[in-house]
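Read the structure below first, then the notes.
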Amino acid sequence: MKVYFYALMAMSLIITQINADEPSSNSDGEAEEVVVTASILNPSRIINPLYVIAGDDIEDDATTSLGEAVDSYPGVSIADFGAAVGQPIIRGMSGPRVKILKNGIVNRDVSGLGADHLNDIDLNDIEQIEIIKGPSSLLYANGTSGGIINVVDNCIAPEDFTESEFIAGLETQSVNDGDVQHFNYKDNIGGFNINAGYKKTELGNFDIPNDAIIHEEDHDDHDDHEEEMLSFVKNSDLEIESSKFGISRSGDWGYFGLSADNLESMYGIPFHGEHADEHGDGHDDHDDDHGDDHDDDHGDEHGEERIFSTTDQESFTIKGQYNIGVNLLNSIEYTYRDTDYELVEAHAEEEGHDDHGDEHDEHAPTVFTNDATEYGAIFDISTDNLIQKISVNFVDEDSAIVGEESFMNPANNEETTFGYFLSADLDAFYLDAGFRLDQIERSGSVTDDEHGDIDYYNYDDDTNSFAISLGRDLSDSFSMNLGFASVERLPSVIELYMNGPHLATGRLETGNPNLKGETSNNFDITFDYDDGDFFATASFYVNDVDNYIALIDMEDDHDDHDDHDDHDDHDDHDDHDDHDDHDDHDKEFAHLIKSNYLQQDAEFKGYELEIGRTFSLGSGDLTLSFARDDVDAEFSDGHNVPRINPARNIYTLSYVENDWLFKLSLKDVEKQDDIAEGETVTDSYQMLNARLTKTFNMNGAGELKVSIFGSNLLDEAARNHSSFVKNEVPLPGRNYGAKFSYKF
C-alpha cells in the first residue's frame, strides 16, 4: 500500500536527520504539528494534534470562506457550495462532527441544516484559528469526533491593551470583481478595553474556465446550453456586512467583558433543483443555469430566475474569569451567549422578465431560524504538578424552517454537559485526558406527505466520551504521541426529522427518528521531528465508527431498499383514486434524487505527512516543504462512504526577509475514483497559489502592509468531490488581487 511507502520515506528521513545531528536555527514550517499554547486551554500544554493559524496569515490573504481558509492544512479539507459556503472537514469527518467555535463558544447558525448554508463567522481582525482534536476538544463541544475549529478575535480582551491601534484596509479581487473594506479599533480608555470592528465584502459572480460545468447525461445532446459558453457561475455572488463591539475590564482579580456582534449577508445559490412540473422537464435539476428554457434570450416562456439567501445573525456574549486562588479552586471562567439567527431563501425574477403572468408561479420565501441560549463555566482546580479543569454547560436551541420549501418541522435541542480535562508531566511522558458526559434531548415531528398526519418524537439520551493522549520526548528534537478517543454523538435534528425536498442538493431527503447514536473509536500515532532547520511530522490514524450516519442516495423503487424507503413505495398506486394527490407529489419531485439518512458501521483510516527544511539565503530564510494527506472510508459491507475527498500533495515555498514575505504553494489533488453508490469520478487538479507581502514603516506615522496574491494561477477546471454540486458549481478560476492595510 502507498501508505507504507510514505511512512517509510518519512521515518527514514527523520532517522537520517537525527543521526546527522546538524546545528539548529529557527524554522518556519507553516503547517507542522506543534506543541503550543492555544487560547482555548491557556495556559496548559497541548500534546494532541493541533494547528494554530496566525491571524496575519488570514488577514494578508484573499477573503474567503472559513473552510477555504483552512483547506491547505494536512488533514483538513472543505465541502463547498460556491464561493460563499465552505464547510470544513477534518480527516473525512464533516457536518455535526466538526464544531465551529467563536471565542470558545459554539457558533449556532444554520450551517448544519443544509449544504448551501454558510458558516456565519466573522474573520475580521482575528487573533488566530485553532484546529484541535483529542482530549482538549471535549471541554467545549459534544459529538466532536472530527474535532473543533475555534476562531479567536479577542473581542472581549482578557488583558489590558497596552497601546491604541486603528487598522483600515482595502481589498480587490479579479475573479469576482470583488472589493472589501474593513477597519478595527482597539484601545484602553479609562481602564476599559474597547474593541470595535466593521467589514464589508462585495464579491460578484466568479469566473471559471470555459466548459468547466458538467451537464447531466440526459442533457448531453443539448448543444445550445448557455453554460457551455459561460465563463462564470450565475448566482455565485456574495455580500457580507459584519460589525462587532466588545468592552472589558481586567486586573489581578481576573476580567469581565461583554460583546455584541452582527453579521448580515446576501449570497446567490448557484444550484437549485426545481420542481419538475415548473419547467416541463423531469431531469431539469439545474434550471437556474442550463435549462432549455434559459437560452441567451432567457427563453420564450420563463424569465431568468435569481435564487438567493439573506442571513442576519445577532449575538450577545458575556465572558469573564474570576481568580479565587483559595483551597483547590484557582479560578472560574464563565460564559453566556444569546444568538438570534435568521436565513431567508427567496426567488426573484430578473429585471425585464416580469411579464409572464401565471405561467411562472411566484415562490414564497423559506425562512430558517435558530434561536439559542448557552451558558457555562470552567473551574480550574490545577495544582503545581497537575492541570485540571471541570466544565459545565447548558444549551437551549430552537430550530425552525417555515415556507414553501420547508423540509423539516420545528425542532428543539437541549443539552446539559459535564466535562473534565487533565494534563500532567509525568517525567517519562506527558499525559492529556478528557472526559465528557452529555444529557441531550431533541424533540421534533414528522409530517406524513401522503395523509398529512403528524408524528411527534422526543429523543432523550446520554452520551459519554473520553480521550487520552500520551506523549514522550525521545530526544531533544524527536517526539512521539499516542492518542485514543471514544466519542459518542447523537443524531442531529436534520438526521432525525428531515422529511422533504431539499432543492439545494437536488434530493428528496428523508430522516429517521429511530436512528441510534454514533460511537467513534479513534486511534492515532504521531511522530514529530524538529531540529530548527529540518522538520518532519507523520500521523497515522484508524477511526472505527459504530452506527455511522450518512445521507445515502437510493436506487430506483424496484431495487433492494424497501426496508429503508417508506416514502418511495408507491409504484402500484395508479389504480387507486385515493392516492392521486400523492402521485402528483411523486411526479412533482420525480427529478430529485431520493436519499435517506441511514447508518452502518464504517472505518476511516488515513495519514498526514509533512517534511520540510529551512535554508539561510541571503539575508532571509527560505523554507521548502512537502505534505500529503489521504483518508479512506468504507462501510462494513465494503461500499465506500460518500463524498470523501481524495489524497492531496501540498508543495510549499516560503521566503522571509526583513519586511518581505513570499509564499508559493501547489496543491496537487488526486483523482477520486473510490466512489460511493450514485457518485461519479472526480478528476484530479492542481491549485497553484502565491502571495507577496511587504510591510512599510511610515517613519513613526504608522505601518502600511501591502499584499499581492493570486489563486488558481493555472486556471484549472477544478471541482471538489465532497460537494453536492461539484459538476454544476466548479471552483473559481484564476484570481488576482491586492490588499492594503494601514495601522497606526
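Identifiers in the C-alpha cells: chain A, B, ... in order shown; residue index from 1 per chain; ligand index from 1 in order shown.
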Sort by chain and increasing residue number a table of all residues of range 123-220 of chain A within 7 Å of range 102-115 of chain A, each with its closest pair of atoms and their distance in Å to one decimal, counting only C-alpha atoms, and write it as a tab-separated table.
```
residue	atom	partner	partner_atom	distance
A:Tyr140	CA	A:Gly104	CA	6.8
A:Asn150	CA	A:Lys102	CA	5.7
A:Val151	CA	A:Lys102	CA	5.0
A:Val152	CA	A:Asn103	CA	4.8
A:Asp153	CA	A:Asn103	CA	6.8
```
Write out as a PyMOL selection string the residues lying within 8 Å of range 308-318 of chain A, counting only C-alpha atoms and excluding same-chain residues fewer than 5 positions away. chain A and resi 109+120+235+256-269+335-347
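Distances here use only C-alpha atoms; by that measure, the residue among A:Phe232, A:Trp253, A:Tyr459, A:Phe709 closest to Phe662 in chain A is A:Phe709.
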Kindly give the distance, in Å, that separates CA of Arg691 in chain A and CA of Lys663 in chain A, rounded to a single decimal.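 Atom-to-atom, CA of Arg691 in chain A to CA of Lys663 in chain A, that is 5.2 Å.
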Residues of range 120-183 of chain A that have any atom at most 12 Å from an atom of range 484-505 of chain A: could you tabulate them with the shortest-distance atom pair and the distance in Å to one decimal, using only C-alpha atoms, ordered by chain and increasing number, as CSV?
```
residue,atom,partner,partner_atom,distance
A:Lys133,CA,A:Ala485,CA,9.3
A:Gly134,CA,A:Ala485,CA,6.5
A:Pro135,CA,A:Ala485,CA,7.6
A:Ser136,CA,A:Ala485,CA,11.1
A:Ser137,CA,A:Val487,CA,10.8
A:Leu138,CA,A:Val487,CA,8.8
A:Ala141,CA,A:Arg489,CA,10.7
A:Asn142,CA,A:Arg489,CA,7.1
A:Gly143,CA,A:Arg489,CA,4.3
A:Thr144,CA,A:Val487,CA,7.0
A:Ser145,CA,A:Val487,CA,5.7
A:Gly146,CA,A:Val487,CA,9.5
A:Gly147,CA,A:Val487,CA,10.3
```
Write out the residues from the selection above, keeping C-alpha atoms, as a JSON list (two decimals), in the first residue's frame.
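Just written: result22.json:
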```
[["chain", "number", "residue", "atom", "x", "y", "z"],
["A", 133, "LYS", "CA", -8.70, 17.16, 18.14],
["A", 134, "GLY", "CA", -8.47, 14.92, 21.16],
["A", 135, "PRO", "CA", -8.91, 15.50, 24.90],
["A", 136, "SER", "CA", -8.97, 19.29, 24.93],
["A", 137, "SER", "CA", -11.76, 19.50, 22.35],
["A", 138, "LEU", "CA", -14.11, 17.59, 24.65],
["A", 141, "ALA", "CA", -18.49, 20.81, 22.41],
["A", 142, "ASN", "CA", -20.18, 17.42, 22.20],
["A", 143, "GLY", "CA", -20.06, 14.93, 19.34],
["A", 144, "THR", "CA", -16.72, 16.27, 18.09],
["A", 145, "SER", "CA", -15.46, 13.05, 16.50],
["A", 146, "GLY", "CA", -13.88, 15.24, 13.82],
["A", 147, "GLY", "CA", -12.65, 17.99, 16.11]]
```
As a list in words, please: all residues of range 292-526 of chain A that backbone DSSP puts in alpha helix (DSSP H).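 Restricting range 292-526 of chain A to alpha helix (DSSP H) produces Val493, Ile494, Glu495, Leu496 and Tyr497 of chain A.
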What does the file look like for those residues with all heavy atoms, as a PDB file, in the first residue's frame?
```pdb
ATOM      1  N   VAL A 493     -30.860  17.027  14.503  1.00  0.00           N
ATOM      2  CA  VAL A 493     -32.289  17.166  14.203  1.00  0.00           C
ATOM      3  C   VAL A 493     -32.563  16.919  12.724  1.00  0.00           C
ATOM      4  O   VAL A 493     -33.632  16.408  12.357  1.00  0.00           O
ATOM      5  CB  VAL A 493     -32.802  18.561  14.627  1.00  0.00           C
ATOM      6  CG1 VAL A 493     -32.788  18.694  16.136  1.00  0.00           C
ATOM      7  CG2 VAL A 493     -32.002  19.685  13.977  1.00  0.00           C
ATOM      8  N   ILE A 494     -31.621  17.273  11.849  1.00  0.00           N
ATOM      9  CA  ILE A 494     -31.791  17.017  10.415  1.00  0.00           C
ATOM     10  C   ILE A 494     -31.812  15.516  10.143  1.00  0.00           C
ATOM     11  O   ILE A 494     -32.656  14.994   9.402  1.00  0.00           O
ATOM     12  CB  ILE A 494     -30.670  17.697   9.617  1.00  0.00           C
ATOM     13  CG1 ILE A 494     -30.989  19.171   9.437  1.00  0.00           C
ATOM     14  CG2 ILE A 494     -30.486  17.052   8.258  1.00  0.00           C
ATOM     15  CD1 ILE A 494     -32.110  19.445   8.466  1.00  0.00           C
ATOM     16  N   GLU A 495     -30.863  14.790  10.746  1.00  0.00           N
ATOM     17  CA  GLU A 495     -30.794  13.344  10.526  1.00  0.00           C
ATOM     18  C   GLU A 495     -32.021  12.633  11.080  1.00  0.00           C
ATOM     19  O   GLU A 495     -32.440  11.600  10.551  1.00  0.00           O
ATOM     20  CB  GLU A 495     -29.514  12.799  11.162  1.00  0.00           C
ATOM     21  CG  GLU A 495     -28.245  13.304  10.486  1.00  0.00           C
ATOM     22  CD  GLU A 495     -27.006  13.081  11.330  1.00  0.00           C
ATOM     23  OE1 GLU A 495     -27.135  12.996  12.571  1.00  0.00           O
ATOM     24  OE2 GLU A 495     -25.904  13.018  10.761  1.00  0.00           O
ATOM     25  N   LEU A 496     -32.613  13.200  12.128  1.00  0.00           N
ATOM     26  CA  LEU A 496     -33.793  12.580  12.736  1.00  0.00           C
ATOM     27  C   LEU A 496     -35.077  12.941  12.009  1.00  0.00           C
ATOM     28  O   LEU A 496     -35.904  12.070  11.689  1.00  0.00           O
ATOM     29  CB  LEU A 496     -33.903  13.008  14.196  1.00  0.00           C
ATOM     30  CG  LEU A 496     -32.854  12.482  15.173  1.00  0.00           C
ATOM     31  CD1 LEU A 496     -32.954  13.221  16.495  1.00  0.00           C
ATOM     32  CD2 LEU A 496     -33.014  10.981  15.382  1.00  0.00           C
ATOM     33  N   TYR A 497     -35.285  14.237  11.736  1.00  0.00           N
ATOM     34  CA  TYR A 497     -36.612  14.722  11.372  1.00  0.00           C
ATOM     35  C   TYR A 497     -36.711  15.300   9.960  1.00  0.00           C
ATOM     36  O   TYR A 497     -37.774  15.798   9.577  1.00  0.00           O
ATOM     37  CB  TYR A 497     -37.060  15.788  12.383  1.00  0.00           C
ATOM     38  CG  TYR A 497     -36.945  15.330  13.818  1.00  0.00           C
ATOM     39  CD1 TYR A 497     -36.249  16.074  14.764  1.00  0.00           C
ATOM     40  CD2 TYR A 497     -37.513  14.125  14.233  1.00  0.00           C
ATOM     41  CE1 TYR A 497     -36.136  15.655  16.085  1.00  0.00           C
ATOM     42  CE2 TYR A 497     -37.405  13.695  15.542  1.00  0.00           C
ATOM     43  CZ  TYR A 497     -36.710  14.459  16.465  1.00  0.00           C
ATOM     44  OH  TYR A 497     -36.598  14.035  17.764  1.00  0.00           O
TER      45      TYR A 497
END
```
d(CA of Asp668 in chain A, CA of Ala717 in chain A) in Å: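 So the answer is 13.1 Å.
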Polymer residues at most 6 Å from Asn188 in chain A, only C-alpha atoms, same-chain spacing of 4 or more positions, as a list in words: Phe161, Phe192 and Asn193 of chain A
Would you mind exporting the chosen residues as an mmCIF file, in the first residue's frame, restricted to all heavy atoms?
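Listing of out.cif after writing:
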```cif
data_model
loop_
_atom_site.group_PDB
_atom_site.id
_atom_site.type_symbol
_atom_site.label_atom_id
_atom_site.label_comp_id
_atom_site.auth_asym_id
_atom_site.auth_seq_id
_atom_site.Cartn_x
_atom_site.Cartn_y
_atom_site.Cartn_z
ATOM 1 N N PHE A 161 -5.230 46.270 26.870
ATOM 2 C CA PHE A 161 -4.479 46.733 25.709
ATOM 3 C C PHE A 161 -3.417 47.726 26.191
ATOM 4 O O PHE A 161 -3.693 48.610 27.012
ATOM 5 C CB PHE A 161 -5.400 47.416 24.703
ATOM 6 C CG PHE A 161 -6.418 46.497 24.087
ATOM 7 C CD1 PHE A 161 -7.745 46.874 23.989
ATOM 8 C CD2 PHE A 161 -6.049 45.247 23.605
ATOM 9 C CE1 PHE A 161 -8.689 46.042 23.419
ATOM 10 C CE2 PHE A 161 -6.985 44.399 23.041
ATOM 11 C CZ PHE A 161 -8.312 44.793 22.943
ATOM 12 N N PHE A 192 -10.898 50.652 30.647
ATOM 13 C CA PHE A 192 -11.750 49.718 29.912
ATOM 14 C C PHE A 192 -11.141 49.433 28.540
ATOM 15 O O PHE A 192 -10.733 50.354 27.821
ATOM 16 C CB PHE A 192 -13.159 50.285 29.740
ATOM 17 C CG PHE A 192 -13.957 50.336 31.004
ATOM 18 C CD1 PHE A 192 -13.939 51.478 31.796
ATOM 19 C CD2 PHE A 192 -14.712 49.245 31.412
ATOM 20 C CE1 PHE A 192 -14.668 51.538 32.973
ATOM 21 C CE2 PHE A 192 -15.447 49.297 32.580
ATOM 22 C CZ PHE A 192 -15.426 50.439 33.365
ATOM 23 N N ASN A 193 -11.110 48.169 28.176
ATOM 24 C CA ASN A 193 -10.610 47.760 26.865
ATOM 25 C C ASN A 193 -11.750 47.827 25.856
ATOM 26 O O ASN A 193 -12.795 47.198 26.048
ATOM 27 C CB ASN A 193 -10.054 46.337 26.926
ATOM 28 C CG ASN A 193 -8.917 46.206 27.909
ATOM 29 O OD1 ASN A 193 -7.850 46.769 27.705
ATOM 30 N ND2 ASN A 193 -9.156 45.492 29.006
#
```
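Those residues that approach Gly178 in chain A to within 10 Å, counting only C-alpha atoms, are A:Thr63, A:Glu171, A:Thr172, A:Gln173, A:Ser174, A:Val175, A:Thr201, A:Glu202, A:Leu203, A:Gly204, A:Asn205, A:Phe206, A:Asp237, A:Leu238, A:Glu239, A:Gly737; same-chain residues fewer than 3 positions away are not listed.
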Could those selected residues go to a file with N, CA, C and O atoms, as an mmCIF file, in the first residue's frame?
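Saved result, again12.cif, follows:
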```cif
data_model
loop_
_atom_site.group_PDB
_atom_site.id
_atom_site.type_symbol
_atom_site.label_atom_id
_atom_site.label_comp_id
_atom_site.auth_asym_id
_atom_site.auth_seq_id
_atom_site.Cartn_x
_atom_site.Cartn_y
_atom_site.Cartn_z
ATOM 1 N N THR A 63 -9.821 37.254 0.835
ATOM 2 C CA THR A 63 -11.019 36.999 1.637
ATOM 3 C C THR A 63 -11.741 35.771 1.084
ATOM 4 O O THR A 63 -12.082 35.713 -0.098
ATOM 5 N N GLU A 171 -9.374 45.821 -0.208
ATOM 6 C CA GLU A 171 -9.002 44.616 -0.958
ATOM 7 C C GLU A 171 -9.758 44.592 -2.273
ATOM 8 O O GLU A 171 -10.909 45.051 -2.356
ATOM 9 N N THR A 172 -9.117 44.062 -3.296
ATOM 10 C CA THR A 172 -9.784 43.860 -4.574
ATOM 11 C C THR A 172 -9.419 42.493 -5.118
ATOM 12 O O THR A 172 -8.309 42.006 -4.894
ATOM 13 N N GLN A 173 -10.369 41.850 -5.799
ATOM 14 C CA GLN A 173 -10.158 40.545 -6.422
ATOM 15 C C GLN A 173 -10.642 40.587 -7.863
ATOM 16 O O GLN A 173 -11.649 41.238 -8.165
ATOM 17 N N SER A 174 -9.952 39.873 -8.750
ATOM 18 C CA SER A 174 -10.296 39.899 -10.173
ATOM 19 C C SER A 174 -11.334 38.860 -10.554
ATOM 20 O O SER A 174 -12.165 39.104 -11.434
ATOM 21 N N VAL A 175 -11.322 37.692 -9.911
ATOM 22 C CA VAL A 175 -12.157 36.588 -10.366
ATOM 23 C C VAL A 175 -13.643 36.878 -10.189
ATOM 24 O O VAL A 175 -14.488 36.291 -10.864
ATOM 25 N N THR A 201 -17.913 43.134 2.598
ATOM 26 C CA THR A 201 -17.393 42.332 1.494
ATOM 27 C C THR A 201 -18.429 42.284 0.385
ATOM 28 O O THR A 201 -19.599 41.985 0.637
ATOM 29 N N GLU A 202 -18.009 42.588 -0.835
ATOM 30 C CA GLU A 202 -18.880 42.522 -2.000
ATOM 31 C C GLU A 202 -18.148 41.769 -3.110
ATOM 32 O O GLU A 202 -17.192 42.285 -3.685
ATOM 33 N N LEU A 203 -18.577 40.557 -3.375
ATOM 34 C CA LEU A 203 -17.980 39.710 -4.400
ATOM 35 C C LEU A 203 -19.059 39.347 -5.418
ATOM 36 O O LEU A 203 -20.124 38.874 -5.051
ATOM 37 N N GLY A 204 -18.777 39.565 -6.697
ATOM 38 C CA GLY A 204 -19.746 39.243 -7.733
ATOM 39 C C GLY A 204 -19.673 37.789 -8.150
ATOM 40 O O GLY A 204 -18.985 36.971 -7.526
ATOM 41 N N ASN A 205 -20.386 37.420 -9.210
ATOM 42 C CA ASN A 205 -20.304 36.063 -9.750
ATOM 43 C C ASN A 205 -18.861 35.755 -10.126
ATOM 44 O O ASN A 205 -18.175 36.575 -10.744
ATOM 45 N N PHE A 206 -18.385 34.557 -9.764
ATOM 46 C CA PHE A 206 -16.975 34.267 -10.029
ATOM 47 C C PHE A 206 -16.779 33.596 -11.384
ATOM 48 O O PHE A 206 -17.618 32.845 -11.865
ATOM 49 N N ASP A 237 -22.556 35.092 -6.345
ATOM 50 C CA ASP A 237 -22.134 36.330 -5.709
ATOM 51 C C ASP A 237 -22.297 36.253 -4.194
ATOM 52 O O ASP A 237 -23.014 35.394 -3.665
ATOM 53 N N LEU A 238 -21.644 37.186 -3.499
ATOM 54 C CA LEU A 238 -21.661 37.179 -2.036
ATOM 55 C C LEU A 238 -21.472 38.603 -1.525
ATOM 56 O O LEU A 238 -20.581 39.322 -1.977
ATOM 57 N N GLU A 239 -22.315 39.002 -0.582
ATOM 58 C CA GLU A 239 -22.154 40.270 0.130
ATOM 59 C C GLU A 239 -22.268 39.991 1.627
ATOM 60 O O GLU A 239 -23.202 39.323 2.067
ATOM 61 N N GLY A 737 -5.342 39.574 -6.986
ATOM 62 C CA GLY A 737 -5.883 40.576 -6.092
ATOM 63 C C GLY A 737 -4.814 41.269 -5.289
ATOM 64 O O GLY A 737 -3.627 40.892 -5.315
#
```
CA of Ser711 in chain A and CA of Ala62 in chain A, how far apart in Å?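 Pair CA of Ala62 in chain A / CA of Ser711 in chain A returns 8.6 Å.
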Strand (DSSP E) per DSSP on the backbone: members of range 638-733 of chain A, as number ranges by chain: A: 648-657, 660-669, 685-697, 703-711
Output file for the selection above: N, CA and C atoms, as a compact mmCIF listing (two decimals), in the first residue's frame:
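Saved to selection.txt:
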```txt
# COMPACT_ATOMS: atom_id res chain seq x y z
N ARG A 648 -4.13 14.27 -1.34
CA ARG A 648 -3.57 15.53 -1.83
C ARG A 648 -2.08 15.59 -1.50
N ASN A 649 -1.32 16.18 -2.41
CA ASN A 649 0.08 16.51 -2.17
C ASN A 649 0.19 18.03 -2.16
N ILE A 650 0.84 18.58 -1.14
CA ILE A 650 0.93 20.02 -0.98
C ILE A 650 2.40 20.43 -0.93
N TYR A 651 2.83 21.19 -1.92
CA TYR A 651 4.20 21.68 -2.01
C TYR A 651 4.21 23.16 -1.65
N THR A 652 5.10 23.55 -0.73
CA THR A 652 5.09 24.93 -0.24
C THR A 652 6.49 25.51 -0.25
N LEU A 653 6.61 26.75 -0.70
CA LEU A 653 7.85 27.52 -0.64
C LEU A 653 7.54 28.82 0.08
N SER A 654 8.37 29.17 1.05
CA SER A 654 8.18 30.39 1.81
C SER A 654 9.53 31.08 1.98
N TYR A 655 9.57 32.38 1.67
CA TYR A 655 10.80 33.15 1.85
C TYR A 655 10.49 34.39 2.67
N VAL A 656 11.26 34.59 3.75
CA VAL A 656 11.08 35.73 4.65
C VAL A 656 12.38 36.50 4.73
N GLU A 657 12.30 37.80 4.46
CA GLU A 657 13.47 38.67 4.58
C GLU A 657 13.02 40.04 5.07
N TRP A 660 9.73 41.59 4.04
CA TRP A 660 9.19 40.90 2.87
C TRP A 660 8.77 39.48 3.23
N LEU A 661 7.67 39.04 2.66
CA LEU A 661 7.24 37.64 2.81
C LEU A 661 6.68 37.17 1.47
N PHE A 662 7.21 36.05 0.98
CA PHE A 662 6.71 35.47 -0.26
C PHE A 662 6.34 34.02 0.00
N LYS A 663 5.13 33.63 -0.42
CA LYS A 663 4.67 32.25 -0.27
C LYS A 663 4.16 31.73 -1.61
N LEU A 664 4.53 30.52 -1.92
CA LEU A 664 4.07 29.85 -3.13
C LEU A 664 3.66 28.43 -2.75
N SER A 665 2.47 28.03 -3.13
CA SER A 665 2.01 26.68 -2.78
C SER A 665 1.33 26.05 -3.98
N LEU A 666 1.56 24.76 -4.13
CA LEU A 666 0.90 23.96 -5.16
C LEU A 666 0.19 22.81 -4.47
N LYS A 667 -1.12 22.80 -4.59
CA LYS A 667 -1.93 21.72 -4.01
C LYS A 667 -2.33 20.78 -5.15
N ASP A 668 -1.76 19.59 -5.14
CA ASP A 668 -2.00 18.59 -6.18
C ASP A 668 -3.04 17.61 -5.65
N VAL A 669 -4.27 17.75 -6.12
CA VAL A 669 -5.38 16.93 -5.65
C VAL A 669 -5.58 15.78 -6.63
N TYR A 685 -6.74 17.72 -10.08
CA TYR A 685 -6.43 19.10 -10.47
C TYR A 685 -5.26 19.61 -9.63
N GLN A 686 -4.66 20.68 -10.11
CA GLN A 686 -3.55 21.32 -9.41
C GLN A 686 -3.93 22.77 -9.14
N MET A 687 -3.82 23.18 -7.88
CA MET A 687 -4.18 24.53 -7.48
C MET A 687 -2.91 25.25 -7.06
N LEU A 688 -2.48 26.23 -7.89
CA LEU A 688 -1.26 26.99 -7.63
C LEU A 688 -1.64 28.36 -7.08
N ASN A 689 -1.15 28.68 -5.86
CA ASN A 689 -1.44 29.95 -5.20
C ASN A 689 -0.14 30.65 -4.84
N ALA A 690 -0.16 31.97 -4.79
CA ALA A 690 1.04 32.74 -4.43
C ALA A 690 0.61 34.00 -3.70
N ARG A 691 1.52 34.51 -2.85
CA ARG A 691 1.28 35.77 -2.16
C ARG A 691 2.61 36.45 -1.84
N LEU A 692 2.67 37.74 -2.09
CA LEU A 692 3.82 38.57 -1.75
C LEU A 692 3.34 39.69 -0.84
N THR A 693 3.94 39.80 0.36
CA THR A 693 3.54 40.80 1.34
C THR A 693 4.74 41.65 1.72
N LYS A 694 4.55 42.95 1.71
CA LYS A 694 5.58 43.90 2.09
C LYS A 694 5.01 44.85 3.13
N THR A 695 5.77 45.05 4.21
CA THR A 695 5.36 45.97 5.27
C THR A 695 6.26 47.20 5.24
N PHE A 696 5.63 48.38 5.18
CA PHE A 696 6.36 49.64 5.12
C PHE A 696 6.18 50.38 6.44
N ASN A 697 7.29 50.79 7.03
CA ASN A 697 7.25 51.61 8.23
C ASN A 697 7.19 53.07 7.79
N GLU A 703 2.03 52.06 9.97
CA GLU A 703 2.58 50.93 9.24
C GLU A 703 1.64 50.57 8.11
N LEU A 704 2.18 50.49 6.90
CA LEU A 704 1.40 50.13 5.71
C LEU A 704 1.81 48.74 5.26
N LYS A 705 0.84 47.86 5.15
CA LYS A 705 1.10 46.50 4.68
C LYS A 705 0.39 46.30 3.34
N VAL A 706 1.14 45.83 2.35
CA VAL A 706 0.60 45.60 1.02
C VAL A 706 0.80 44.13 0.67
N SER A 707 -0.28 43.46 0.27
CA SER A 707 -0.23 42.06 -0.16
C SER A 707 -0.77 41.94 -1.57
N ILE A 708 -0.01 41.26 -2.41
CA ILE A 708 -0.46 40.91 -3.76
C ILE A 708 -0.60 39.40 -3.81
N PHE A 709 -1.76 38.91 -4.19
CA PHE A 709 -2.00 37.47 -4.14
C PHE A 709 -2.58 36.97 -5.46
N GLY A 710 -2.43 35.69 -5.67
CA GLY A 710 -3.03 35.02 -6.81
C GLY A 710 -3.42 33.62 -6.42
N SER A 711 -4.56 33.17 -6.90
CA SER A 711 -5.02 31.81 -6.62
C SER A 711 -5.47 31.15 -7.91
```
What are the nearest atom pairs, with distances in Å to one decimal, for all residues of range 596-664 of chain A that come at most 12 Å from range 723-736 of chain A, using only C-alpha atoms, set out by chain and rising residue number as JSON lines?
```
{"residue": "A:Pro642", "atom": "CA", "partner": "A:Phe724", "partner_atom": "CA", "distance": 10.3}
{"residue": "A:Arg643", "atom": "CA", "partner": "A:Ser723", "partner_atom": "CA", "distance": 7.0}
{"residue": "A:Ile644", "atom": "CA", "partner": "A:Ser723", "partner_atom": "CA", "distance": 9.4}
{"residue": "A:Asn645", "atom": "CA", "partner": "A:Ser723", "partner_atom": "CA", "distance": 9.2}
```
Restricted to N, CA, C and O atoms, what would the selected residues look like written as an mmCIF file, in the first residue's frame?
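File written: out-v8.cif
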```
data_model
loop_
_atom_site.group_PDB
_atom_site.id
_atom_site.type_symbol
_atom_site.label_atom_id
_atom_site.label_comp_id
_atom_site.auth_asym_id
_atom_site.auth_seq_id
_atom_site.Cartn_x
_atom_site.Cartn_y
_atom_site.Cartn_z
ATOM 1 N N PRO A 642 -19.847 8.032 1.122
ATOM 2 C CA PRO A 642 -19.954 9.077 0.091
ATOM 3 C C PRO A 642 -19.230 10.365 0.455
ATOM 4 O O PRO A 642 -19.018 10.669 1.624
ATOM 5 N N ARG A 643 -18.869 11.096 -0.594
ATOM 6 C CA ARG A 643 -18.325 12.447 -0.509
ATOM 7 C C ARG A 643 -17.068 12.537 0.354
ATOM 8 O O ARG A 643 -16.931 13.407 1.222
ATOM 9 N N ILE A 644 -16.126 11.633 0.103
ATOM 10 C CA ILE A 644 -14.823 11.660 0.774
ATOM 11 C C ILE A 644 -13.796 12.230 -0.204
ATOM 12 O O ILE A 644 -13.618 11.705 -1.313
ATOM 13 N N ASN A 645 -13.121 13.285 0.187
ATOM 14 C CA ASN A 645 -12.145 13.918 -0.689
ATOM 15 C C ASN A 645 -10.934 13.023 -0.910
ATOM 16 O O ASN A 645 -10.561 12.237 -0.031
#
```
Near Asp524 in chain A, within 7 Å and counting only C-alpha atoms, which residues show up once chain neighbours fewer than 2 positions away are dropped, as a count of residues only? 9
Nearby residues (only C-alpha atoms) at most 10 Å from Ser164 in chain A, same-chain spacing under 5 positions excluded, as a list in words: Tyr185, Lys186, Asp187, Asn188, Ile189, Asn193, Ile194 and Phe744 of chain A
